[in-house]
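K.L.:
Quick one: structure below, then a few questions.
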Amino acid sequence: MFSYLANPQRFEKFACIAIPVCGGLALILIVAGLWFGLFSSPVDRFQGDTIRIMYVHVPSAWLGLALYFAMGGASFVYFIWRHNLADVAAASIAPIGAVFAGLCLITGSLWGKTTWGTWWVWDARLTSMLIQFLLFLGYIALRAAIEEERLAARSAAILAMVGLVNLPIVRFSVEWWDGILHQGATVFRADGPAIHGSQLLPLALMAIGFTFLAGWMVFYRMRSAIMARKAANLQRIREARA
């Protein structure tokens with residue numbers, strides 16, 4: 001599948017189908033998730049309506065990690081096999097991942113203020129997620145700072161691959177360090193989810209909807225980047241013939 005889509009023309013055909021499908025599913029699922037989250041799920045016994053921040057915060061956190069993993073994987077493919085489409089994918093993912101990671105930090109800060117009484121604490125989970133956000137920004141800044149395209153792509157790919165070591169730190173920080181305010185896993189647990197079904201449903205809808213939203217944005221940016229590269233190549237050919 002991946003080798004088939006490595007061809008830019010095949011990917012463009014795939015993107016023409018994937019973009020509207022992902023966009024439509026994202027709209028339906030997010031609207032449904034918001035409705036269930038705002039109007040159907042009950043008020044939490046201890047946190048009240050503040051618990052509803054979870055329906056944006058948790059999916060944003062998942063996407064922040066998943067998109068960095070995808071960016072790191074695409075960077076690895078480009079660095080080893082020089083697939084240009086993999087570099088396009090990594091470059092397209094970076095700003096979208098930064099948005100989700102930033103949204104995770106913002107909503108987490110709002111949630112923390114109401115539950116912990118403070119906007120921020122320097123515990124392992126929050127600090128490692130902040131580092132994850134900065135890694136996205138660092139990738140974007142590094143590509144923009146180097147004018148030579150191939151050197152920029154290779155340098156950014158190295159940074160993305162190195163940054164993968166932070167993913168397990170974010171994921172397991174609440175288990176590896178003591179005294180962390182951030183709660184542990186409540187959905188992906190060996191003994192099953194620790195939240196009620198009335199909360200799990202909108203959370204699942206929002207998580208899947210956010211995933212399709214991220215896919216819609218990534219495919220859209222990738223197709224736009226491919227078209228821009230084609231236009232730039234045509235421009236260079238015209239200038240060479242002139």
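Just so we're on the same page: first chain in the structure tokens is A, next is B, and so on; residues restart at 1 for each chain, and ligands are numbered from 1 in the order they show up.
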I'd like the contact shell of Trp177 in chain A - 9 Å cut-off, only C-alpha atoms, skipping same-chain residues fewer than 3 positions apart - returned as a list in words.
P.N.:
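Result of the neighbour search: Asp123, Ala124, Phe172, Ser173, Val174 and Ile180 of chain A.
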K.L.:
Just the residues within 7 Å of Pro202 in chain A, please, counting only C-alpha atoms, with nothing from its chain fewer than 3 positions along; format it as a PyMOL selection string.
P.N.:
chain A and resi 33-34+36-37+55+199+205-206
K.L.:
Set the distance at 9 Å and use only C-alpha atoms: which residues neighbour range 109-120 of chain A once local chain neighbours fewer than 3 positions away are removed? I'd like the list as a list in words.
P.N.:
Gln47, Thr50, Ile51, Ile53, Met54, His57, Cys104, Leu105, Ile106, Asp123, Leu126, Leu181 and His182 of chain A
K.L.:
Take the residues that were just selected and, keeping all heavy atoms, output them as a short mmCIF file (atom, residue, chain, number, x, y, z; two decimals), in the first residue's frame.
P.N.:
data_model
loop_
_atom_site.label_atom_id
_atom_site.label_comp_id
_atom_site.auth_asym_id
_atom_site.auth_seq_id
_atom_site.Cartn_x
_atom_site.Cartn_y
_atom_site.Cartn_z
N GLN A 47 -15.98 17.37 39.33
CA GLN A 47 -15.48 18.45 38.48
C GLN A 47 -16.58 19.25 37.80
O GLN A 47 -16.29 20.28 37.18
CB GLN A 47 -14.54 17.87 37.41
CG GLN A 47 -13.35 17.14 37.98
CD GLN A 47 -12.40 16.64 36.90
OE1 GLN A 47 -12.08 17.38 35.95
NE2 GLN A 47 -11.95 15.41 37.01
N THR A 50 -16.70 21.15 34.07
CA THR A 50 -15.31 21.25 33.64
C THR A 50 -14.84 19.97 32.96
O THR A 50 -13.95 20.00 32.11
CB THR A 50 -14.40 21.55 34.85
OG1 THR A 50 -14.88 22.72 35.50
CG2 THR A 50 -12.97 21.77 34.42
N ILE A 51 -15.46 18.85 33.31
CA ILE A 51 -15.06 17.56 32.75
C ILE A 51 -15.19 17.56 31.23
O ILE A 51 -14.52 16.79 30.53
CB ILE A 51 -15.91 16.42 33.36
CG1 ILE A 51 -15.28 15.06 33.05
CG2 ILE A 51 -17.33 16.47 32.86
CD1 ILE A 51 -13.95 14.81 33.69
N ILE A 53 -14.11 19.55 29.11
CA ILE A 53 -12.84 19.90 28.45
C ILE A 53 -12.14 18.64 27.97
O ILE A 53 -11.40 18.66 26.98
CB ILE A 53 -11.94 20.69 29.42
CG1 ILE A 53 -12.61 22.00 29.83
CG2 ILE A 53 -10.57 20.97 28.80
CD1 ILE A 53 -11.83 22.80 30.86
N MET A 54 -12.39 17.52 28.64
CA MET A 54 -11.77 16.25 28.29
C MET A 54 -12.03 15.87 26.84
O MET A 54 -11.16 15.27 26.18
CB MET A 54 -12.32 15.15 29.21
CG MET A 54 -11.96 13.74 28.83
SD MET A 54 -12.66 12.50 29.96
CE MET A 54 -14.42 12.66 29.60
N HIS A 57 -9.47 17.93 25.00
CA HIS A 57 -8.10 17.78 25.51
C HIS A 57 -7.50 16.41 25.19
O HIS A 57 -6.38 16.31 24.67
CB HIS A 57 -8.09 18.02 27.02
CG HIS A 57 -6.76 17.73 27.65
ND1 HIS A 57 -5.67 18.55 27.47
CD2 HIS A 57 -6.36 16.70 28.47
CE1 HIS A 57 -4.64 18.04 28.15
NE2 HIS A 57 -5.04 16.93 28.75
N CYS A 104 -3.69 20.74 23.03
CA CYS A 104 -3.62 19.88 24.22
C CYS A 104 -3.11 20.67 25.42
O CYS A 104 -3.67 20.58 26.52
CB CYS A 104 -2.71 18.69 23.93
SG CYS A 104 -2.26 17.74 25.39
N LEU A 105 -2.06 21.45 25.22
CA LEU A 105 -1.49 22.23 26.32
C LEU A 105 -2.45 23.32 26.81
O LEU A 105 -2.59 23.55 28.01
CB LEU A 105 -0.18 22.86 25.88
CG LEU A 105 0.98 21.89 25.60
CD1 LEU A 105 2.16 22.62 24.98
CD2 LEU A 105 1.41 21.18 26.89
N ILE A 106 -3.13 23.97 25.87
CA ILE A 106 -4.06 25.05 26.24
C ILE A 106 -5.25 24.50 27.02
O ILE A 106 -5.61 25.00 28.09
CB ILE A 106 -4.53 25.80 24.98
CG1 ILE A 106 -3.35 26.57 24.35
CG2 ILE A 106 -5.67 26.77 25.33
CD1 ILE A 106 -3.67 27.15 22.99
N ASP A 123 5.42 18.90 36.16
CA ASP A 123 5.56 17.46 36.38
C ASP A 123 5.96 16.80 35.06
O ASP A 123 6.02 17.44 34.01
CB ASP A 123 4.31 16.86 37.00
CG ASP A 123 3.14 16.73 36.02
OD1 ASP A 123 3.30 17.08 34.84
OD2 ASP A 123 2.08 16.26 36.45
N LEU A 126 3.31 16.91 31.87
CA LEU A 126 3.14 18.22 31.26
C LEU A 126 4.43 18.70 30.60
O LEU A 126 4.40 19.25 29.49
CB LEU A 126 2.65 19.25 32.30
CG LEU A 126 1.15 19.31 32.55
CD1 LEU A 126 0.67 18.04 33.25
CD2 LEU A 126 0.77 20.52 33.37
N LEU A 181 0.75 15.06 39.32
CA LEU A 181 -0.65 15.44 39.46
C LEU A 181 -1.53 14.85 38.37
O LEU A 181 -2.69 14.54 38.59
CB LEU A 181 -0.77 16.98 39.45
CG LEU A 181 -0.34 17.71 40.72
CD1 LEU A 181 -0.43 19.22 40.50
CD2 LEU A 181 -1.19 17.29 41.92
N HIS A 182 -0.96 14.73 37.17
CA HIS A 182 -1.74 14.25 36.04
C HIS A 182 -2.21 12.82 36.29
O HIS A 182 -1.44 11.97 36.73
CB HIS A 182 -0.90 14.31 34.75
CG HIS A 182 -1.71 14.23 33.50
ND1 HIS A 182 -2.28 13.06 33.05
CD2 HIS A 182 -2.04 15.18 32.59
CE1 HIS A 182 -2.92 13.29 31.92
NE2 HIS A 182 -2.81 14.57 31.63
#
K.L.:
Show me, as a VMD selection string, the residues that have an atom within 12 Å of range 228-231 of chain A when counting only C-alpha atoms, minus same-chain residues fewer than 6 positions from it.
P.N.:
chain A and resid 8 to 9 84 to 85 88 149 221 to 222 237 to 238
K.L.:
Just the number, please: distance in Å from CA of Val21 in chain A to CA of Leu200 in chain A, one decimal.
P.N.:
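Going from CA of Val21 in chain A over to CA of Leu200 in chain A covers 24.5 Å.
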K.L.:
So which residues of range 8-139 of chain A fall under alpha helix (DSSP H) by DSSP, listed as a compact mmCIF listing (two decimals) with N, CA and C atoms, in the first residue's frame?
P.N.:
# COMPACT_ATOMS: atom_id res chain seq x y z
N PRO A 8 3.83 9.89 -6.83
CA PRO A 8 3.04 11.12 -6.64
C PRO A 8 1.72 11.13 -7.40
N GLN A 9 1.71 10.57 -8.63
CA GLN A 9 0.47 10.57 -9.40
C GLN A 9 -0.58 9.66 -8.76
N ARG A 10 -0.13 8.51 -8.27
CA ARG A 10 -1.06 7.61 -7.59
C ARG A 10 -1.56 8.25 -6.30
N PHE A 11 -0.66 8.93 -5.60
CA PHE A 11 -1.08 9.57 -4.36
C PHE A 11 -2.11 10.65 -4.63
N GLU A 12 -1.92 11.42 -5.69
CA GLU A 12 -2.89 12.49 -6.00
C GLU A 12 -4.27 11.91 -6.26
N LYS A 13 -4.33 10.77 -6.97
CA LYS A 13 -5.62 10.13 -7.21
C LYS A 13 -6.24 9.66 -5.90
N PHE A 14 -5.39 9.08 -5.05
CA PHE A 14 -5.87 8.63 -3.74
C PHE A 14 -6.35 9.82 -2.91
N ALA A 15 -5.59 10.92 -2.93
CA ALA A 15 -5.94 12.10 -2.13
C ALA A 15 -7.25 12.72 -2.59
N CYS A 16 -7.53 12.67 -3.88
CA CYS A 16 -8.79 13.23 -4.38
C CYS A 16 -10.00 12.53 -3.78
N ILE A 17 -9.83 11.25 -3.44
CA ILE A 17 -10.91 10.50 -2.79
C ILE A 17 -10.85 10.67 -1.28
N ALA A 18 -9.62 10.59 -0.72
CA ALA A 18 -9.45 10.60 0.73
C ALA A 18 -9.82 11.94 1.35
N ILE A 19 -9.53 13.04 0.66
CA ILE A 19 -9.79 14.36 1.24
C ILE A 19 -11.26 14.59 1.54
N PRO A 20 -12.16 14.42 0.57
CA PRO A 20 -13.59 14.64 0.90
C PRO A 20 -14.14 13.60 1.87
N VAL A 21 -13.65 12.35 1.79
CA VAL A 21 -14.13 11.31 2.70
C VAL A 21 -13.73 11.64 4.13
N CYS A 22 -12.45 11.97 4.32
CA CYS A 22 -11.97 12.32 5.67
C CYS A 22 -12.65 13.57 6.19
N GLY A 23 -12.83 14.57 5.33
CA GLY A 23 -13.48 15.80 5.74
C GLY A 23 -14.93 15.57 6.16
N GLY A 24 -15.66 14.78 5.37
CA GLY A 24 -17.05 14.52 5.69
C GLY A 24 -17.21 13.72 6.97
N LEU A 25 -16.39 12.67 7.14
CA LEU A 25 -16.46 11.86 8.35
C LEU A 25 -16.06 12.68 9.58
N ALA A 26 -15.05 13.52 9.42
CA ALA A 26 -14.62 14.37 10.54
C ALA A 26 -15.75 15.29 10.99
N LEU A 27 -16.44 15.90 10.05
CA LEU A 27 -17.53 16.81 10.38
C LEU A 27 -18.66 16.08 11.11
N ILE A 28 -19.05 14.93 10.58
CA ILE A 28 -20.14 14.17 11.19
C ILE A 28 -19.78 13.71 12.60
N LEU A 29 -18.58 13.14 12.75
CA LEU A 29 -18.18 12.58 14.04
C LEU A 29 -17.96 13.66 15.09
N ILE A 30 -17.35 14.78 14.70
CA ILE A 30 -17.09 15.85 15.66
C ILE A 30 -18.39 16.50 16.11
N VAL A 31 -19.31 16.73 15.17
CA VAL A 31 -20.61 17.29 15.55
C VAL A 31 -21.34 16.35 16.49
N ALA A 32 -21.32 15.06 16.17
CA ALA A 32 -21.97 14.08 17.05
C ALA A 32 -21.29 14.03 18.42
N GLY A 33 -19.95 14.05 18.41
CA GLY A 33 -19.21 14.02 19.67
C GLY A 33 -19.49 15.22 20.53
N LEU A 34 -19.57 16.41 19.91
CA LEU A 34 -19.87 17.62 20.66
C LEU A 34 -21.28 17.59 21.23
N TRP A 35 -22.22 17.06 20.45
CA TRP A 35 -23.60 16.99 20.94
C TRP A 35 -23.69 16.07 22.16
N MET A 54 -12.39 17.52 28.64
CA MET A 54 -11.77 16.25 28.29
C MET A 54 -12.03 15.87 26.84
N TYR A 55 -13.20 16.21 26.32
CA TYR A 55 -13.57 15.77 24.98
C TYR A 55 -12.76 16.46 23.88
N VAL A 56 -12.08 17.53 24.21
CA VAL A 56 -11.15 18.18 23.28
C VAL A 56 -9.71 17.90 23.70
N HIS A 57 -9.47 17.93 25.00
CA HIS A 57 -8.10 17.78 25.51
C HIS A 57 -7.50 16.41 25.19
N VAL A 58 -8.23 15.36 25.50
CA VAL A 58 -7.68 14.01 25.33
C VAL A 58 -7.45 13.67 23.85
N PRO A 59 -8.42 13.89 22.94
CA PRO A 59 -8.13 13.63 21.53
C PRO A 59 -6.96 14.47 20.99
N SER A 60 -6.85 15.72 21.46
CA SER A 60 -5.73 16.56 21.01
C SER A 60 -4.39 15.96 21.46
N ALA A 61 -4.36 15.43 22.69
CA ALA A 61 -3.14 14.80 23.19
C ALA A 61 -2.80 13.57 22.37
N TRP A 62 -3.81 12.73 22.10
CA TRP A 62 -3.56 11.54 21.28
C TRP A 62 -3.04 11.91 19.91
N LEU A 63 -3.65 12.91 19.28
CA LEU A 63 -3.22 13.30 17.94
C LEU A 63 -1.85 13.94 17.96
N GLY A 64 -1.54 14.70 19.01
CA GLY A 64 -0.21 15.29 19.12
C GLY A 64 0.87 14.24 19.11
N LEU A 65 0.63 13.11 19.80
CA LEU A 65 1.60 12.03 19.83
C LEU A 65 1.58 11.22 18.54
N ALA A 66 0.38 10.89 18.05
CA ALA A 66 0.27 10.07 16.84
C ALA A 66 0.86 10.77 15.62
N LEU A 67 0.62 12.06 15.50
CA LEU A 67 1.15 12.79 14.36
C LEU A 67 2.68 12.92 14.42
N TYR A 68 3.22 13.04 15.63
CA TYR A 68 4.68 13.08 15.71
C TYR A 68 5.27 11.72 15.34
N PHE A 69 4.61 10.64 15.76
CA PHE A 69 5.06 9.31 15.37
C PHE A 69 5.03 9.17 13.85
N ALA A 70 3.96 9.65 13.22
CA ALA A 70 3.85 9.59 11.76
C ALA A 70 4.92 10.45 11.10
N MET A 71 5.17 11.63 11.65
CA MET A 71 6.21 12.50 11.10
C MET A 71 7.59 11.86 11.23
N GLY A 72 7.86 11.26 12.39
CA GLY A 72 9.13 10.59 12.59
C GLY A 72 9.29 9.40 11.66
N GLY A 73 8.21 8.64 11.47
CA GLY A 73 8.26 7.50 10.56
C GLY A 73 8.50 7.94 9.12
N ALA A 74 7.80 8.98 8.68
CA ALA A 74 7.99 9.50 7.33
C ALA A 74 9.42 10.04 7.15
N SER A 75 9.94 10.68 8.19
CA SER A 75 11.31 11.19 8.13
C SER A 75 12.31 10.06 8.02
N PHE A 76 12.06 8.95 8.72
CA PHE A 76 12.93 7.78 8.63
C PHE A 76 12.93 7.22 7.21
N VAL A 77 11.74 7.09 6.62
CA VAL A 77 11.63 6.57 5.25
C VAL A 77 12.38 7.47 4.28
N TYR A 78 12.22 8.79 4.45
CA TYR A 78 12.93 9.71 3.55
C TYR A 78 14.43 9.62 3.76
N PHE A 79 14.88 9.58 5.00
CA PHE A 79 16.31 9.58 5.30
C PHE A 79 17.00 8.33 4.77
N ILE A 80 16.31 7.18 4.83
CA ILE A 80 16.91 5.92 4.40
C ILE A 80 16.74 5.68 2.91
N TRP A 81 15.53 5.87 2.40
CA TRP A 81 15.24 5.50 1.01
C TRP A 81 15.05 6.70 0.07
N ASN A 84 10.77 11.13 -1.88
CA ASN A 84 10.39 12.53 -1.74
C ASN A 84 9.00 12.70 -1.15
N LEU A 85 8.11 11.76 -1.45
CA LEU A 85 6.75 11.88 -0.92
C LEU A 85 6.75 11.73 0.60
N ALA A 86 7.69 10.94 1.13
CA ALA A 86 7.80 10.81 2.58
C ALA A 86 8.21 12.14 3.21
N ASP A 87 9.11 12.86 2.53
CA ASP A 87 9.50 14.18 3.03
C ASP A 87 8.34 15.15 2.96
N VAL A 88 7.56 15.07 1.89
CA VAL A 88 6.37 15.92 1.77
C VAL A 88 5.40 15.61 2.91
N ALA A 89 5.25 14.32 3.23
CA ALA A 89 4.35 13.94 4.32
C ALA A 89 4.83 14.50 5.65
N ALA A 90 6.13 14.36 5.93
CA ALA A 90 6.67 14.86 7.20
C ALA A 90 6.49 16.37 7.32
N ALA A 91 6.80 17.09 6.25
CA ALA A 91 6.67 18.54 6.27
C ALA A 91 5.22 18.98 6.40
N SER A 92 4.30 18.20 5.84
CA SER A 92 2.88 18.53 5.92
C SER A 92 2.31 18.24 7.30
N ILE A 93 2.82 17.20 7.94
CA ILE A 93 2.32 16.81 9.26
C ILE A 93 2.74 17.80 10.35
N ALA A 94 3.96 18.35 10.24
CA ALA A 94 4.55 19.15 11.32
C ALA A 94 3.64 20.27 11.83
N PRO A 95 3.14 21.17 11.01
CA PRO A 95 2.31 22.26 11.56
C PRO A 95 0.98 21.76 12.11
N ILE A 96 0.43 20.69 11.54
CA ILE A 96 -0.83 20.15 12.04
C ILE A 96 -0.60 19.51 13.40
N GLY A 97 0.50 18.77 13.54
CA GLY A 97 0.83 18.20 14.84
C GLY A 97 1.07 19.26 15.89
N ALA A 98 1.71 20.36 15.48
CA ALA A 98 1.96 21.45 16.42
C ALA A 98 0.65 22.05 16.91
N VAL A 99 -0.34 22.17 16.04
CA VAL A 99 -1.64 22.71 16.43
C VAL A 99 -2.32 21.82 17.47
N PHE A 100 -2.31 20.51 17.22
CA PHE A 100 -2.95 19.59 18.16
C PHE A 100 -2.20 19.55 19.48
N ALA A 101 -0.87 19.55 19.44
CA ALA A 101 -0.09 19.55 20.68
C ALA A 101 -0.32 20.85 21.45
N GLY A 102 -0.38 21.97 20.73
CA GLY A 102 -0.65 23.25 21.38
C GLY A 102 -2.04 23.29 21.97
N LEU A 103 -3.02 22.73 21.25
CA LEU A 103 -4.39 22.67 21.76
C LEU A 103 -4.46 21.81 23.01
N CYS A 104 -3.69 20.74 23.03
CA CYS A 104 -3.62 19.88 24.22
C CYS A 104 -3.11 20.67 25.42
N LEU A 105 -2.06 21.45 25.22
CA LEU A 105 -1.49 22.23 26.32
C LEU A 105 -2.45 23.32 26.81
N ILE A 106 -3.13 23.97 25.87
CA ILE A 106 -4.06 25.05 26.24
C ILE A 106 -5.25 24.50 27.02
N THR A 107 -5.87 23.46 26.48
CA THR A 107 -7.03 22.88 27.17
C THR A 107 -6.62 22.24 28.49
N GLY A 108 -5.43 21.66 28.51
CA GLY A 108 -4.94 21.09 29.76
C GLY A 108 -4.71 22.15 30.82
N SER A 109 -4.23 23.31 30.39
CA SER A 109 -4.02 24.41 31.32
C SER A 109 -5.35 24.89 31.90
N LEU A 110 -6.36 25.00 31.05
CA LEU A 110 -7.70 25.41 31.51
C LEU A 110 -8.27 24.39 32.48
N TRP A 111 -8.10 23.12 32.16
CA TRP A 111 -8.60 22.05 33.02
C TRP A 111 -7.83 22.02 34.34
N GLY A 112 -6.52 22.22 34.26
CA GLY A 112 -5.70 22.21 35.46
C GLY A 112 -6.04 23.34 36.42
N LYS A 113 -6.38 24.50 35.87
CA LYS A 113 -6.71 25.64 36.71
C LYS A 113 -7.94 25.36 37.56
N THR A 114 -8.92 24.67 36.99
CA THR A 114 -10.16 24.41 37.71
C THR A 114 -10.04 23.21 38.66
N THR A 115 -9.17 22.25 38.35
CA THR A 115 -9.08 21.04 39.18
C THR A 115 -7.90 21.09 40.16
N ALA A 124 6.24 15.50 35.12
CA ALA A 124 6.83 14.82 33.96
C ALA A 124 5.89 14.81 32.75
N ARG A 125 4.59 14.59 32.98
CA ARG A 125 3.66 14.51 31.85
C ARG A 125 3.53 15.85 31.14
N LEU A 126 3.31 16.91 31.87
CA LEU A 126 3.14 18.22 31.26
C LEU A 126 4.43 18.70 30.60
N THR A 127 5.55 18.50 31.29
CA THR A 127 6.82 18.96 30.74
C THR A 127 7.19 18.20 29.47
N SER A 128 7.00 16.89 29.46
CA SER A 128 7.32 16.10 28.27
C SER A 128 6.40 16.45 27.10
N MET A 129 5.13 16.80 27.41
CA MET A 129 4.22 17.21 26.33
C MET A 129 4.62 18.57 25.79
N LEU A 130 5.09 19.46 26.66
CA LEU A 130 5.60 20.74 26.19
C LEU A 130 6.81 20.54 25.28
N ILE A 131 7.69 19.61 25.64
CA ILE A 131 8.83 19.29 24.79
C ILE A 131 8.36 18.77 23.44
N GLN A 132 7.30 17.95 23.45
CA GLN A 132 6.74 17.43 22.20
C GLN A 132 6.28 18.57 21.30
N PHE A 133 5.61 19.55 21.89
CA PHE A 133 5.16 20.72 21.14
C PHE A 133 6.36 21.50 20.57
N LEU A 134 7.40 21.67 21.38
CA LEU A 134 8.59 22.40 20.94
C LEU A 134 9.34 21.64 19.84
N LEU A 135 9.27 20.31 19.86
CA LEU A 135 9.90 19.52 18.81
C LEU A 135 9.23 19.78 17.46
N PHE A 136 7.90 19.88 17.48
CA PHE A 136 7.19 20.24 16.24
C PHE A 136 7.65 21.60 15.74
N LEU A 137 7.70 22.58 16.65
CA LEU A 137 8.12 23.93 16.26
C LEU A 137 9.57 23.94 15.79
N GLY A 138 10.42 23.14 16.46
CA GLY A 138 11.82 23.07 16.06
C GLY A 138 11.98 22.50 14.67
N TYR A 139 11.19 21.48 14.35
CA TYR A 139 11.22 20.89 13.00
C TYR A 139 10.85 21.94 11.95
